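Novice: So that we are looking at the same thing, I have put the structure below in structure tokens.
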Amino acid sequence: MAKTVVTRFAPSPTGYMHIGNLRTALYSYLIAKCQDGKFILRIEDTDQERLVEGAVDVILNTLKQTGLSYDEGPVVGGDHGPYIQSERKGIYMKYAQQLIESGHAYYCFCTPERLAAIKEGDGFGGYDRHCRDLSKEQVEANLAAGMPYVIRQKMPLEGTTAYKDEVFGEISMENSQLQDQILIKADGYPTYNFAHVVDDHLMEVTHVVRGSEYLTSTPKYVLLYDAFGWERPVYCHLPLLMGKDAEGNVSKLSKRHGAVSFQDLVEKGYLPEAIINYIALLGWCPKETNEEFFTLDSLKEQFSIAAINKSPSVFDYDKLLWFNGEYIKKMDFDAFGEKAMPYLEQTIPNVENKKAVAALLQSRVAVFSEIPEKIGFLAKLPEYDVSLYTNKKNKTTPESCAAILDAAIPVLEQCEDWSSPALFEELKALAEKEGVKSGAVMWAVRIAVAGVSVTPGGATELMEILGKEESLARLKAGRAKL
RNA sequence: GGCCCGUUGGUCAAGCGGUUAAGACGACGGCCUCUCACGCCGUAAACAGGAGUUCGAUUCUCCUACGGGUCACCA
């Protein structure tokens, strides 16, 4: 029986959930769940200078909204807690000590000033290993004198370190490339470099899933596992999510590329399911099907590490928009209405039948935030130019529209049944009587009633929503302009 | 700059030695139509370049170019 797969998502609480981070969470979750494994959430907050109030809640809320439920982690607990690194501070030092004793790490007393001076040079040299070979006596003396110190990993000077990545394959690095990185900082907190290795081991994580920016630092981590005599985890590095700027240059997706946090996207009216669906396809493609629509459950069934690709992918807002539109169209009407209601209330508080408006909107909206601009004219007839009455296809002109409105207004005033189908029949009959295309009548009426050239819904649908009184007032105002 | 990784249409991508090189978004055109949208139909658009290996390379190897990542008391 194979060992249970255990993955983790280990974000640092920065105050927002970057979309690339979310995708890492998704893949990490899926890699576990497609193999009936466990998914752990761990908060990596060892940088005391970058603590952000409420940042953990952002992470928790995002996972909740997207349905990425974790088996162990903050709030839910588990056998390997605590799951917040700052609460685990006490456990790292003894492992660091162990490494010092075995000759894999050492105390370093170099001051920040000295390190900065070293960096002055070409900037690529890194630490000069000044404290690497201090005598035991010297170290004791410094310690006794209360000198501040950090603990560094002692890298092999020669040879190479290699590991196998599940998506990128064999990665091999010359040890001479590896810096004697800091394991424990002067404030006593561990660095990511050290804490994640210790925690992954203690939490029995079998698959380390993270962005490919860690591809080249992983040899250092692998060396740590080896130094402790721990079994190395399986590594799955994920291709990066890129953004394209105005000049067409691509780079790691960031704020300058637009909305990049999950919160931003949700605020703009994107659905969590659509976001998840879209980002699942960035770097992964199902093997046996051309299907593009996936729920979290269907992803669990289809997902496989082997189908993850290596090349970075550009985040395409257009395609996300399309996905969102598709999800909106698939929503049942009540759910759509509920989601749209805040926008409707804000934009057209005076319109009685908001449900009818929602009905017109569902197939015409790709993201909720575009609702106001589409229906503003319902709240108040906008100022418009008579040139709107000119339409090539229906062969209308301001003059012809004037005639049409003259004929239409009295007819409409007589209408008892103010429903779209009834109104449509009336106007169609009128068109026949007047010997013009029904499209011409509809055009004149719709412009008069809406005051904008493009509307969600046709003339009679809009009239039904506006009601008889308002519609006629607008028609008469329109006629007066001509 | 050193090291690591990548490179199929504008974008996401299938392909895993022999194909008319899929599909999706976007673009464009058409149909439908009470404007728009939806829906339906269609068009244009790609294997970075050069050497090998092979009967045969988009697929394998090497080189070049380009792109990205990484070299913190950040993760």
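Chain lettering (A, B, ...) mirrors the order of the structure tokens, residue numbering begins at 1 for each chain separately, and ligand numbering begins at 1 in order of display.
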Identify all chain A residues at most 6 Å from chain B by counting only C-alpha atoms (C1' of nucleotides); ligands do not count. Present them as a ChimeraX atom specification.
Specialist: /A:185,213,216,311,319,363-364,442,454-456,458-459
Novice: Which residues come within 10 Å of U43 in chain B, counting only C-alpha atoms (C1' of nucleotides), excluding same-chain residues fewer than 2 positions away, as a ChimeraX atom specification?
Specialist: /B:28-29,45
Novice: Please identify all polymer residues within 12 Å of C63 in chain B, counting only C-alpha atoms (C1' of nucleotides), omitting same-chain residues fewer than 4 positions from it, and present them as a PyMOL selection string.
Specialist: chain B and resi 49-52
Novice: Store the residues of this selection in a file with C-alpha atoms (C1' of nucleotides), as a PDB file, in the first residue's frame.
Specialist:
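Once everything was written out, this is again_25.pdb:
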```pdb
ATOM      1  C1'   G B  49      17.063  29.453 -36.213  1.00  0.00           C
ATOM      2  C1'   G B  50      21.064  26.083 -37.519  1.00  0.00           C
ATOM      3  C1'   A B  51      23.525  21.486 -37.379  1.00  0.00           C
ATOM      4  C1'   G B  52      23.121  16.394 -36.543  1.00  0.00           C
TER       5        G B  52
END
```
Novice: For C31 in chain B, work out the shell of residues within 12 Å, counting only C-alpha atoms (C1' of nucleotides) and skipping chain neighbours fewer than 5 positions away, then give it as a PyMOL selection string.
Specialist: chain B and resi 39-42
Novice: Neighbouring residues of range 69-72 of chain A were defined as those with any atom within 7 Å, considering only C-alpha atoms (C1' of nucleotides); residues of the same chain fewer than 5 positions away were excluded. Please report them as a PyMOL selection string.
Specialist: chain A and resi 38-41+63-64+77-78
Novice: Hey, can you spit out that residue selection with C-alpha atoms as a PDB file, in the first residue's frame?
Specialist:
```pdb
ATOM      1  CA  LYS A  38      -4.357  15.038   2.501  1.00  0.00           C
ATOM      2  CA  PHE A  39      -4.046  18.767   2.070  1.00  0.00           C
ATOM      3  CA  ILE A  40      -2.530  20.949   4.770  1.00  0.00           C
ATOM      4  CA  LEU A  41      -2.594  24.696   5.226  1.00  0.00           C
ATOM      5  CA  LEU A  63      -9.848  29.053   0.495  1.00  0.00           C
ATOM      6  CA  LYS A  64     -13.375  28.951   1.803  1.00  0.00           C
ATOM      7  CA  GLY A  77      -6.274  21.824  13.778  1.00  0.00           C
ATOM      8  CA  GLY A  78      -4.690  18.426  13.238  1.00  0.00           C
TER       9      GLY A  78
END
```
